[in-house]
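Please read the structure below before turning to the comments.
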Amino acid sequence: MIQPGLAKLVFPTSDFLWPAMILLALSGSLITLGYRHAPLSRNRKWAAGSLKMLGFSLLAFCILEPVWTGQSTKKGANHFVVLADNGMSLDVVDSAYTATRAAMLSKLLNEETSNEWLRQLNDDFKLDRFFFDTKLKRTDDFTTLDNQGQGSALYNALEMLANRYADRPLAGIIVLTDGNATDRNEDLAWLDNLAPIYPVLIGSDEALVDLAIQQVTATRTSFEDAPITIKVDFSSSGFRAETVNVRLLDASGKLVDEQGVAPDTDTAQHSVRFRVRPDHSGLSHYQVILQPGEERTEATTHNNRYALTVDQGNDKTRILYVSGRPNWEYKFLRRAMEEDEQNHLVGLIRIAKREPKFDFRGRDGESSNPLFRGFGKGDEETDFDQPVFVRLNTRGADELANGFPREAEELFAYDAVILDDLEAAFFTQDQMNLVDRFVSHRGGGLLMLGGLESFQQGGYDKTILGKMSPVYLDRQTEEISYKPATWALTREGWLTPWIRLRETEDDDGLRLREMPPFKVLNRVKAVKPGARVIATAKVEGTSYPALVVQHYGKGQAGAFMIGDYWRWGFTHETFQQDMEKSWRQILRWLVSDVPERLSVEVRPGEAAHAPYLLRIRALNAAYEPVDQAMVQVRIAQATTNELTLTALPDDDERGVYTVSYMPIENGHYEAEVLIKNDEGIESGTTRAGWSVNRTIQEFASLTPNRSALEELAGQTEGKVFAPDTLKELKNILDKREMPVMETWSRTAWHTPFFFCLALACFIGEWFIRRRNQLA
């Protein structure tokens with residue numbers, strides 16, 4: 001196919017070919033004879049003869065009726081798309097201009113001004129106008145652009161255009177954007193069948209004065225003073241040696257904390273950490289704001305604010321403490337946990353072991369304990385053969401009424417179990433199996449404390465509980481040590497936040513040196529693979545593991561080899577406060593990752609404009625998946641109306657229900673989940689929250705992404721333009737082959753060009769003869 005702008009010469013008929021050849025032959029013969037004896041120089045003969053011969057050749061050429069033919073773009077038959085960026089990222093003022101990029105774009109697309117390139121496209125093609133932000137939208141004109149879109153789904157828009165024009169003649173796509181897309185996709189195979197893309201780069205590559213939040217993350221820690229750590233990552237440009245204030249506000253706008261940063265270079269990356277303690281459990285909402293210390297004009301302030309939601313859980317965690325005898329440890333541990341608003345300690349303390357069975361000698365025919373005489377003949381007559389417990393901090397009279405739980409529903413109601421100075425023979429085999437399932441399947445925590453009847457001394461070395469322990473119990477031959485044992489942190493311990501009590505390592509080192517020695521230590525020499533030794537106890541120059549932890553199934557298991565940790569707080573008030581704080585942090589670690597029966601996982605979409613996915617996991621009292629439940633989700637946001645959705649069962653996993661939700665505005669969102677069984681009876685409720693910060697992703701980079709646009713143009717054989725070079729677009733399009741072309745033809749023999757050329761040849765020949773007086 002012939003390219004537009006080029007043509008070829010064709011001869012539609014050969015009827016006059018022989019007459020034309022005869023004419024040329026006769027003309028050549030006559031010219032040769034005529035100039036053979038002419039009184040002219042050799043050069044002049046050749047010049048005059050050539051001009052005359054050329055003239056006759058042109059006449060013979062016209063006798064053949066030649067035709068110029070070619071192809072050109074058929075006007076109005078091909079589509080051409082103009083695609084404009086409507087994202088907020090164009091609301092930026094470049095340093096070289098006074099207007100925003102959005103204003104520059106509006107000027108380029110204003111068809112009432114002298115935008116010759118747009119009028120030429122409208123004359124030659126069927127012009128289709130689109131704009132995109134989070135979605136692709138069609139428009140009749142670009143006066144509706146407001147550049148308030150919270151995303152720039154460039155690749156999604158182009159892919160939708162590829163599908164829409166798959167069966168239409170599309171000549172090209174001109175894209176006016178800064179190239180900063182929020183939906184970058186590495187799979188660009190769909191570009192192979194797309195028409196040429198001609199990006200127009202809006203914006204300057206020069207560095208801008210700007211502060212930009214890049215990411216804010218919140219992590220839950222076991223620190224009592226600050227259980228939430230908020231990390232703020234941001235960048236600064238043009239603020240060298242100036243103070244930048246990073247402010248943390250709560251939901252009411254009250255200042256929680258503030259830190260100042262002074263960049264030492266023009267362009268720098270920064271990280272700031274806030275440690276906060278919310279005044280309530282559940283959801284807490286915060287705002288992070290970047291504020292220059294001095295009045296400065298930034299390129300944009302849309303990226304200076306970030307919304308954050310922190311979830312500390314809906315209910316108090318419940319920890320079951322089981323002891324083989326009343327002791328000082330429980331006294332101090334209980335006192336420590338009374339100040340903990342997040343964790344609730346339930347005590348089950350044995351005050352008397354089982355009495356051995358023997359024959360009582362009472363009245364004739366009486367074989368029971370005479371102490372029960374007069375109380376009837378019920379089960380209480382045999383109760384003397386059972387251990388005696390004291391229950392503390394229980395919810396009601398029925399909780400732990402029969403001692404240590406024997407059913408999963410009862411034990412799984414707790415989040416962690418602490419065993420203190422309790423022999424293995426206390427448990428039945430079924431109870432040991434239940435504890436194993438409590439940790440491995442339910443995801444609970446287990447901590448065994450040192451004592452006379454703990455670890456190997458308690459007969460755990462060949463039991464299931466011994467298997468769960470992070471230390472080997474079958475490799476110890478020594479007895480319990482009663483010699484002074486000095487507490488020290490290992491390297492792993494120094495890196496573990498929940499075992500440290502001070503802000504700095506120096507302060508923590510001083511605290512450790514002042515700790516009194518302990519006198520009860522269950523000595524072991526080996527720990528299991530994968531276990532972490534957090535602390536050691538040194539006895540006469542030899543260090544033994546003192547606190548060892550490991551993951552076990554879905555939960556965690558710990559071995560606390562010290563049997564008199566209470567001794568630390570027995571000597572001084574400051575030491576007592578440190579000990580209580582230490583206990584609270586250890587137990588917070590123990591329950592930190594314990595799953596709830598009803599939990600909600602909020603997953604943002606892969607792209608900035610994609611809907612959020614809420615995955616709701618429902619478990620029964622035995623922590624088995626709940627099927628055939630009705631799950632309702634009520635979603636609310638400050639500026640939108642409440643919306644109720646129904647979650648549907650997941651196709652791949654039992655007990656999981658999913659629902660999608662598309663947030664409209666930036667800010668904080670909360671979801672209340674209500675689950676009902678197949679009989680319509682409410683069986684659980686929980687809350688979840690998240691924050692949407694689409695403007696942060698939209699303004700992740702203020703520098704136009706030239707490389708991305710060059711990649712789009714290169715893969716589709718297009719070209720990147722600057723706004724002031726758009727006038728070159730027509731020249732490029734005129735040389736390209738379009739999907740729909742039309743053929744044109746013009747006769748060549750009666751055109752002015754051929755007539756004038758033949759006449760010029762004859763006049764030139766006559767002039768030569770005239771000058772030599774031959775005419």
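By convention in this document, the chains of the structure tokens carry letters A, B, ... by their order, each chain's residues are numbered from 1, and ligands are numbered from 1 in the order they are shown.
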Distance query Arg584 (chain A) at most 12 Å, only C-alpha atoms, self and fewer than 3 positions along chain excluded, as a PyMOL selection string: chain A and resi 221-225+227+319+332-345+498-501+577-581+587-592
Write out as an mmCIF file with all heavy atoms, in the first residue's frame each polymer residue whose atoms come within 8 Å of region 72-79 of chain A, counting only C-alpha atoms; drop sequence neighbours fewer than 3 positions from it.
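Contents of result27.cif, freshly written:
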```cif
data_model
loop_
_atom_site.group_PDB
_atom_site.id
_atom_site.type_symbol
_atom_site.label_atom_id
_atom_site.label_comp_id
_atom_site.auth_asym_id
_atom_site.auth_seq_id
_atom_site.Cartn_x
_atom_site.Cartn_y
_atom_site.Cartn_z
ATOM 1 N N GLN A 3 2.155 4.907 0.727
ATOM 2 C CA GLN A 3 2.058 5.780 1.880
ATOM 3 C C GLN A 3 1.406 7.098 1.502
ATOM 4 O O GLN A 3 1.560 7.586 0.380
ATOM 5 C CB GLN A 3 3.452 6.053 2.457
ATOM 6 C CG GLN A 3 4.155 4.816 2.949
ATOM 7 C CD GLN A 3 3.450 4.224 4.124
ATOM 8 O OE1 GLN A 3 3.015 4.947 4.998
ATOM 9 N NE2 GLN A 3 3.313 2.912 4.151
ATOM 10 N N PRO A 4 0.663 7.700 2.396
ATOM 11 C CA PRO A 4 0.074 9.011 2.116
ATOM 12 C C PRO A 4 1.160 10.028 1.816
ATOM 13 O O PRO A 4 2.242 9.997 2.400
ATOM 14 C CB PRO A 4 -0.671 9.355 3.407
ATOM 15 C CG PRO A 4 -0.792 8.060 4.145
ATOM 16 C CD PRO A 4 0.350 7.223 3.725
ATOM 17 N N GLY A 5 0.870 10.958 0.874
ATOM 18 C CA GLY A 5 1.837 11.991 0.523
ATOM 19 C C GLY A 5 2.755 11.568 -0.609
ATOM 20 O O GLY A 5 3.425 12.402 -1.189
ATOM 21 N N ASP A 123 -10.706 18.281 11.491
ATOM 22 C CA ASP A 123 -10.996 18.324 10.052
ATOM 23 C C ASP A 123 -10.717 16.989 9.379
ATOM 24 O O ASP A 123 -11.443 16.592 8.458
ATOM 25 C CB ASP A 123 -10.155 19.414 9.379
ATOM 26 C CG ASP A 123 -10.579 20.814 9.803
ATOM 27 O OD1 ASP A 123 -11.728 20.959 10.302
ATOM 28 O OD2 ASP A 123 -9.777 21.751 9.653
ATOM 29 N N ASP A 124 -9.668 16.304 9.803
ATOM 30 C CA ASP A 124 -9.238 15.094 9.098
ATOM 31 C C ASP A 124 -9.810 13.811 9.690
ATOM 32 O O ASP A 124 -9.859 12.788 8.994
ATOM 33 C CB ASP A 124 -7.710 15.004 9.108
ATOM 34 C CG ASP A 124 -7.064 16.153 8.350
ATOM 35 O OD1 ASP A 124 -7.745 16.750 7.501
ATOM 36 O OD2 ASP A 124 -5.878 16.452 8.626
ATOM 37 N N PHE A 125 -10.206 13.833 10.965
ATOM 38 C CA PHE A 125 -10.613 12.606 11.634
ATOM 39 C C PHE A 125 -11.950 12.813 12.338
ATOM 40 O O PHE A 125 -12.428 13.940 12.519
ATOM 41 C CB PHE A 125 -9.574 12.171 12.673
ATOM 42 C CG PHE A 125 -8.206 11.933 12.110
ATOM 43 C CD1 PHE A 125 -7.241 12.931 12.143
ATOM 44 C CD2 PHE A 125 -7.881 10.710 11.536
ATOM 45 C CE1 PHE A 125 -5.982 12.709 11.626
ATOM 46 C CE2 PHE A 125 -6.623 10.486 11.017
ATOM 47 C CZ PHE A 125 -5.667 11.483 11.058
ATOM 48 N N LYS A 126 -12.510 11.666 12.731
ATOM 49 C CA LYS A 126 -13.678 11.695 13.601
ATOM 50 C C LYS A 126 -13.156 11.764 15.034
ATOM 51 O O LYS A 126 -12.712 10.775 15.607
ATOM 52 C CB LYS A 126 -14.526 10.442 13.402
ATOM 53 C CG LYS A 126 -15.834 10.470 14.164
ATOM 54 C CD LYS A 126 -16.679 9.248 13.845
ATOM 55 C CE LYS A 126 -17.996 9.293 14.592
ATOM 56 N NZ LYS A 126 -18.834 8.102 14.282
ATOM 57 N N LEU A 127 -13.191 12.949 15.596
ATOM 58 C CA LEU A 127 -12.513 13.213 16.865
ATOM 59 C C LEU A 127 -13.392 12.766 18.035
ATOM 60 O O LEU A 127 -14.552 13.173 18.158
ATOM 61 C CB LEU A 127 -12.189 14.698 16.974
ATOM 62 C CG LEU A 127 -11.065 15.085 17.933
ATOM 63 C CD1 LEU A 127 -9.760 14.434 17.521
ATOM 64 C CD2 LEU A 127 -10.903 16.598 17.973
ATOM 65 N N ASP A 128 -12.829 11.902 18.890
ATOM 66 C CA ASP A 128 -13.512 11.432 20.099
ATOM 67 C C ASP A 128 -12.761 11.959 21.315
ATOM 68 O O ASP A 128 -11.541 11.789 21.416
ATOM 69 C CB ASP A 128 -13.564 9.907 20.144
ATOM 70 C CG ASP A 128 -14.340 9.331 18.979
ATOM 71 O OD1 ASP A 128 -15.291 9.991 18.524
ATOM 72 O OD2 ASP A 128 -13.991 8.230 18.515
ATOM 73 N N ARG A 168 -12.866 -0.872 15.374
ATOM 74 C CA ARG A 168 -13.065 0.415 14.703
ATOM 75 C C ARG A 168 -11.739 0.920 14.152
ATOM 76 O O ARG A 168 -10.667 0.603 14.687
ATOM 77 C CB ARG A 168 -13.634 1.446 15.681
ATOM 78 C CG ARG A 168 -14.939 1.033 16.345
ATOM 79 C CD ARG A 168 -15.453 2.174 17.213
ATOM 80 N NE ARG A 168 -16.503 1.738 18.119
ATOM 81 C CZ ARG A 168 -17.105 2.532 18.989
ATOM 82 N NH1 ARG A 168 -16.745 3.816 19.074
ATOM 83 N NH2 ARG A 168 -18.049 2.062 19.782
ATOM 84 N N PRO A 169 -11.813 1.717 13.096
ATOM 85 C CA PRO A 169 -10.564 2.281 12.534
ATOM 86 C C PRO A 169 -10.038 3.418 13.412
ATOM 87 O O PRO A 169 -10.519 4.548 13.327
ATOM 88 C CB PRO A 169 -11.006 2.773 11.153
ATOM 89 C CG PRO A 169 -12.471 3.064 11.302
ATOM 90 C CD PRO A 169 -12.995 2.064 12.285
ATOM 91 N N LEU A 170 -9.084 3.119 14.250
ATOM 92 C CA LEU A 170 -8.505 4.110 15.159
ATOM 93 C C LEU A 170 -7.139 4.529 14.626
ATOM 94 O O LEU A 170 -6.236 3.702 14.484
ATOM 95 C CB LEU A 170 -8.377 3.533 16.568
ATOM 96 C CG LEU A 170 -7.799 4.459 17.637
ATOM 97 C CD1 LEU A 170 -8.689 5.690 17.825
ATOM 98 C CD2 LEU A 170 -7.636 3.717 18.961
ATOM 99 N N ALA A 171 -6.989 5.806 14.331
ATOM 100 C CA ALA A 171 -5.746 6.309 13.756
ATOM 101 C C ALA A 171 -4.694 6.615 14.805
ATOM 102 O O ALA A 171 -3.491 6.513 14.535
ATOM 103 C CB ALA A 171 -6.031 7.569 12.937
ATOM 104 N N GLY A 172 -5.120 6.972 16.004
ATOM 105 C CA GLY A 172 -4.139 7.312 17.030
ATOM 106 C C GLY A 172 -4.820 7.842 18.277
ATOM 107 O O GLY A 172 -6.025 8.125 18.289
ATOM 108 N N ASP A 734 0.488 12.924 8.369
ATOM 109 C CA ASP A 734 0.394 12.912 6.910
ATOM 110 C C ASP A 734 1.280 11.842 6.282
ATOM 111 O O ASP A 734 1.037 11.409 5.151
ATOM 112 C CB ASP A 734 0.773 14.283 6.349
ATOM 113 C CG ASP A 734 -0.299 15.322 6.616
ATOM 114 O OD1 ASP A 734 -1.452 14.914 6.913
ATOM 115 O OD2 ASP A 734 -0.013 16.529 6.539
ATOM 116 N N GLU A 737 0.354 5.647 7.398
ATOM 117 C CA GLU A 737 -0.759 4.928 6.819
ATOM 118 C C GLU A 737 -1.867 4.773 7.858
ATOM 119 O O GLU A 737 -1.617 4.335 8.980
ATOM 120 C CB GLU A 737 -0.307 3.551 6.332
ATOM 121 C CG GLU A 737 -1.407 2.736 5.700
ATOM 122 C CD GLU A 737 -0.920 1.384 5.241
ATOM 123 O OE1 GLU A 737 0.313 1.162 5.259
ATOM 124 O OE2 GLU A 737 -1.762 0.548 4.885
ATOM 125 N N MET A 738 -3.087 5.120 7.472
ATOM 126 C CA MET A 738 -4.215 5.076 8.369
ATOM 127 C C MET A 738 -5.067 3.838 8.086
ATOM 128 O O MET A 738 -4.971 3.236 7.008
ATOM 129 C CB MET A 738 -5.055 6.349 8.227
ATOM 130 C CG MET A 738 -4.287 7.609 8.567
ATOM 131 S SD MET A 738 -3.720 7.579 10.288
ATOM 132 C CE MET A 738 -2.606 8.987 10.307
ATOM 133 N N PRO A 739 -5.925 3.439 9.027
ATOM 134 C CA PRO A 739 -6.761 2.250 8.790
ATOM 135 C C PRO A 739 -7.655 2.372 7.557
ATOM 136 O O PRO A 739 -7.850 1.406 6.832
ATOM 137 C CB PRO A 739 -7.596 2.153 10.076
ATOM 138 C CG PRO A 739 -6.768 2.833 11.117
ATOM 139 C CD PRO A 739 -6.062 3.938 10.399
ATOM 140 N N VAL A 740 -8.223 3.545 7.329
ATOM 141 C CA VAL A 740 -9.080 3.752 6.163
ATOM 142 C C VAL A 740 -8.426 4.798 5.279
ATOM 143 O O VAL A 740 -8.224 5.943 5.699
ATOM 144 C CB VAL A 740 -10.498 4.201 6.585
ATOM 145 C CG1 VAL A 740 -11.366 4.435 5.357
ATOM 146 C CG2 VAL A 740 -11.140 3.160 7.495
ATOM 147 N N MET A 741 -8.096 4.385 4.006
ATOM 148 C CA MET A 741 -7.454 5.281 3.046
ATOM 149 C C MET A 741 -8.353 5.429 1.822
ATOM 150 O O MET A 741 -9.247 4.613 1.586
ATOM 151 C CB MET A 741 -6.094 4.730 2.626
ATOM 152 C CG MET A 741 -5.185 4.334 3.778
ATOM 153 S SD MET A 741 -4.499 5.751 4.644
ATOM 154 C CE MET A 741 -3.387 6.380 3.402
ATOM 155 N N GLU A 742 -8.089 6.460 1.021
ATOM 156 C CA GLU A 742 -8.779 6.625 -0.252
ATOM 157 C C GLU A 742 -7.742 6.877 -1.345
ATOM 158 O O GLU A 742 -6.689 7.481 -1.105
ATOM 159 C CB GLU A 742 -9.773 7.771 -0.189
ATOM 160 C CG GLU A 742 -9.173 9.130 0.064
ATOM 161 C CD GLU A 742 -10.219 10.227 0.097
ATOM 162 O OE1 GLU A 742 -11.396 9.902 -0.156
ATOM 163 O OE2 GLU A 742 -9.869 11.383 0.359
ATOM 164 N N THR A 743 -8.034 6.367 -2.563
ATOM 165 C CA THR A 743 -7.120 6.480 -3.711
ATOM 166 C C THR A 743 -7.488 7.709 -4.534
ATOM 167 O O THR A 743 -8.664 7.935 -4.839
ATOM 168 C CB THR A 743 -7.190 5.226 -4.586
ATOM 169 O OG1 THR A 743 -6.879 4.079 -3.786
ATOM 170 C CG2 THR A 743 -6.207 5.318 -5.735
ATOM 171 N N TRP A 744 -6.490 8.468 -4.934
ATOM 172 C CA TRP A 744 -6.707 9.641 -5.787
ATOM 173 C C TRP A 744 -5.887 9.500 -7.060
ATOM 174 O O TRP A 744 -4.881 8.778 -7.098
ATOM 175 C CB TRP A 744 -6.332 10.937 -5.063
ATOM 176 C CG TRP A 744 -4.916 10.965 -4.540
ATOM 177 C CD1 TRP A 744 -4.505 10.617 -3.325
ATOM 178 C CD2 TRP A 744 -3.744 11.351 -5.291
ATOM 179 N NE1 TRP A 744 -3.153 10.757 -3.190
ATOM 180 C CE2 TRP A 744 -2.652 11.216 -4.406
ATOM 181 C CE3 TRP A 744 -3.522 11.802 -6.587
ATOM 182 C CZ2 TRP A 744 -1.348 11.513 -4.800
ATOM 183 C CZ3 TRP A 744 -2.231 12.106 -6.979
ATOM 184 C CH2 TRP A 744 -1.147 11.951 -6.078
#
```
Near Phe560 (chain A), counting only C-alpha atoms, which residues have an atom at most 7 Å away, once you skip same-chain residues fewer than 2 positions from it, shown as a VMD selection string? chain A and resid 448 to 450 546 to 548 558 562
re CA of Asn705 (chain A) and CA of Asn245 (chain A): distance 29.1 Å
Skip region 42-54 of chain A itself and residues of its chain fewer than 3 positions away, then list as a list in words all residues within 6 Å of it, counting only C-alpha atoms.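 Surrounding residues, per the criterion: Ser57, Cys761, Phe762 and Glu765 of chain A.
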Could those residues be written to a file, using C-alpha atoms, as a CSV table (one decimal), in the first residue's frame?
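out_14.csv written:
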```csv
chain,number,residue,atom,x,y,z
A,57,SER,CA,9.8,13.5,-25.8
A,761,CYS,CA,12.6,23.3,-24.1
A,762,PHE,CA,11.5,24.6,-27.6
A,765,GLU,CA,16.4,25.6,-28.6
```
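Interatomic distance, CA of Ser543 (chain A) to CA of Arg513 (chain A): 15.6 Å.
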Mind checking DSSP for region 281-342 of chain A and telling me the strand (DSSP E) residues as a PyMOL selection string? chain A and resi 283-292+305-311+317-323
Could you dump the residues just selected with C-alpha atoms as a short mmCIF file (atom, residue, chain, number, x, y, z; two decimals), in the first residue's frame?
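So part15.cif came out as:
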```
data_model
loop_
_atom_site.label_atom_id
_atom_site.label_comp_id
_atom_site.auth_asym_id
_atom_site.auth_seq_id
_atom_site.Cartn_x
_atom_site.Cartn_y
_atom_site.Cartn_z
CA LEU A 283 -10.49 2.01 66.91
CA SER A 284 -8.51 5.24 67.16
CA HIS A 285 -8.25 7.79 64.34
CA TYR A 286 -5.30 10.12 63.77
CA GLN A 287 -4.11 12.75 61.29
CA VAL A 288 -0.48 13.33 60.34
CA ILE A 289 0.30 16.81 59.02
CA LEU A 290 3.51 18.25 57.57
CA GLN A 291 3.94 21.94 58.25
CA PRO A 292 6.90 24.17 57.28
CA ARG A 305 -1.91 15.33 55.23
CA TYR A 306 -2.44 11.64 55.97
CA ALA A 307 -5.33 9.88 57.72
CA LEU A 308 -4.51 6.89 59.93
CA THR A 309 -6.67 4.35 61.75
CA VAL A 310 -5.33 2.15 64.58
CA ASP A 311 -7.18 -0.89 65.85
CA THR A 317 -7.90 -10.39 76.35
CA ARG A 318 -8.32 -12.99 79.09
CA ILE A 319 -5.34 -14.83 80.59
CA LEU A 320 -5.75 -17.93 82.74
CA TYR A 321 -3.18 -18.27 85.52
CA VAL A 322 -2.98 -21.77 87.05
CA SER A 323 -0.77 -22.37 90.10
#
```
Leaving out Gly260 (chain A) and any residue of its chain fewer than 4 positions from it, which residues lie within 7 Å of it when counting only C-alpha atoms, given as a short mmCIF file (atom, residue, chain, number, x, y, z; two decimals) with N, CA, C and O atoms, in the first residue's frame?
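New file result-v7.cif:
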```
data_model
loop_
_atom_site.label_atom_id
_atom_site.label_comp_id
_atom_site.auth_asym_id
_atom_site.auth_seq_id
_atom_site.Cartn_x
_atom_site.Cartn_y
_atom_site.Cartn_z
N THR A 243 13.27 24.22 59.36
CA THR A 243 12.56 23.28 60.23
C THR A 243 11.24 22.87 59.59
O THR A 243 10.47 23.71 59.13
N VAL A 244 11.00 21.56 59.60
CA VAL A 244 9.74 20.99 59.13
C VAL A 244 9.08 20.32 60.33
O VAL A 244 9.68 19.45 60.97
N ASN A 245 7.88 20.73 60.65
CA ASN A 245 7.16 20.18 61.79
C ASN A 245 6.26 19.04 61.34
O ASN A 245 5.47 19.19 60.41
N VAL A 246 6.39 17.91 62.02
CA VAL A 246 5.53 16.76 61.78
C VAL A 246 4.58 16.66 62.96
O VAL A 246 5.01 16.42 64.09
#
```
As a PyMOL selection string, which residues of region 502-723 of chain A does DSSP assign to helix (DSSP H, G or I)? chain A and resi 505-514+565-570+573-590+694-698+706-715+723
Determine, using only C-alpha atoms, which residues of region 195-214 of chain A have any atom at most 12 Å from an atom of region 680-702 of chain A, and tabulate each with its shortest atom pair and distance in Å to one decimal place, rows ordered by chain and then rising number, as JSON lines.
```
{"residue": "A:Ile202", "atom": "CA", "partner": "A:Leu702", "partner_atom": "CA", "distance": 11.2}
{"residue": "A:Gly203", "atom": "CA", "partner": "A:Leu702", "partner_atom": "CA", "distance": 8.9}
{"residue": "A:Ser204", "atom": "CA", "partner": "A:Leu702", "partner_atom": "CA", "distance": 9.3}
{"residue": "A:Asp205", "atom": "CA", "partner": "A:Leu702", "partner_atom": "CA", "distance": 8.9}
{"residue": "A:Glu206", "atom": "CA", "partner": "A:Leu702", "partner_atom": "CA", "distance": 9.7}
{"residue": "A:Ala207", "atom": "CA", "partner": "A:Leu702", "partner_atom": "CA", "distance": 8.6}
{"residue": "A:Leu208", "atom": "CA", "partner": "A:Leu702", "partner_atom": "CA", "distance": 7.8}
{"residue": "A:Val209", "atom": "CA", "partner": "A:Leu702", "partner_atom": "CA", "distance": 10.1}
{"residue": "A:Asp210", "atom": "CA", "partner": "A:Leu702", "partner_atom": "CA", "distance": 8.8}
{"residue": "A:Leu211", "atom": "CA", "partner": "A:Phe699", "partner_atom": "CA", "distance": 10.6}
{"residue": "A:Ala212", "atom": "CA", "partner": "A:Ala700", "partner_atom": "CA", "distance": 7.5}
{"residue": "A:Ile213", "atom": "CA", "partner": "A:Ile696", "partner_atom": "CA", "distance": 6.9}
{"residue": "A:Gln214", "atom": "CA", "partner": "A:Ala700", "partner_atom": "CA", "distance": 6.6}
```
Just want the 7 Å neighbourhood of Thr490 (chain A), counted on only C-alpha atoms, with same-chain residues fewer than 6 positions away dropped. Output as a list of chain:residue names.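 Selected residues are A:Val533, A:Ile534, A:Ala535, A:Thr536.
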Output N, CA, C and O atoms for every residue in that selection, as a PDB file, in the first residue's frame.
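Contents of the output file part.pdb:
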```pdb
ATOM      1  N   VAL A 533      16.290 -17.167  72.675  1.00  0.00           N
ATOM      2  CA  VAL A 533      16.673 -16.929  74.066  1.00  0.00           C
ATOM      3  C   VAL A 533      16.663 -15.421  74.293  1.00  0.00           C
ATOM      4  O   VAL A 533      17.496 -14.693  73.756  1.00  0.00           O
ATOM      5  N   ILE A 534      15.720 -14.958  75.088  1.00  0.00           N
ATOM      6  CA  ILE A 534      15.553 -13.523  75.329  1.00  0.00           C
ATOM      7  C   ILE A 534      16.441 -13.047  76.474  1.00  0.00           C
ATOM      8  O   ILE A 534      17.014 -11.959  76.422  1.00  0.00           O
ATOM      9  N   ALA A 535      16.546 -13.865  77.525  1.00  0.00           N
ATOM     10  CA  ALA A 535      17.332 -13.474  78.703  1.00  0.00           C
ATOM     11  C   ALA A 535      18.020 -14.709  79.271  1.00  0.00           C
ATOM     12  O   ALA A 535      17.578 -15.846  79.068  1.00  0.00           O
ATOM     13  N   THR A 536      19.106 -14.455  79.984  1.00  0.00           N
ATOM     14  CA  THR A 536      19.854 -15.523  80.650  1.00  0.00           C
ATOM     15  C   THR A 536      20.005 -15.187  82.129  1.00  0.00           C
ATOM     16  O   THR A 536      19.833 -14.033  82.546  1.00  0.00           O
TER      17      THR A 536
END
```
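One finds CA of Glu409 (chain A) at 5.0 Å from CA of Ala621 (chain A).
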The residue from A:Arg247, A:Lys525, A:Arg277, A:Lys719 with the smallest atom-to-atom distance to Pro199 (chain A), counting only C-alpha atoms, is A:Lys719
List the spatial neighbours of region 645-650 of chain A as number ranges by chain - criterion: any atom at most 10 Å away, only C-alpha atoms, same-chain residues fewer than 5 positions off excluded. A: 614-617, 627-635, 655-661, 673-675
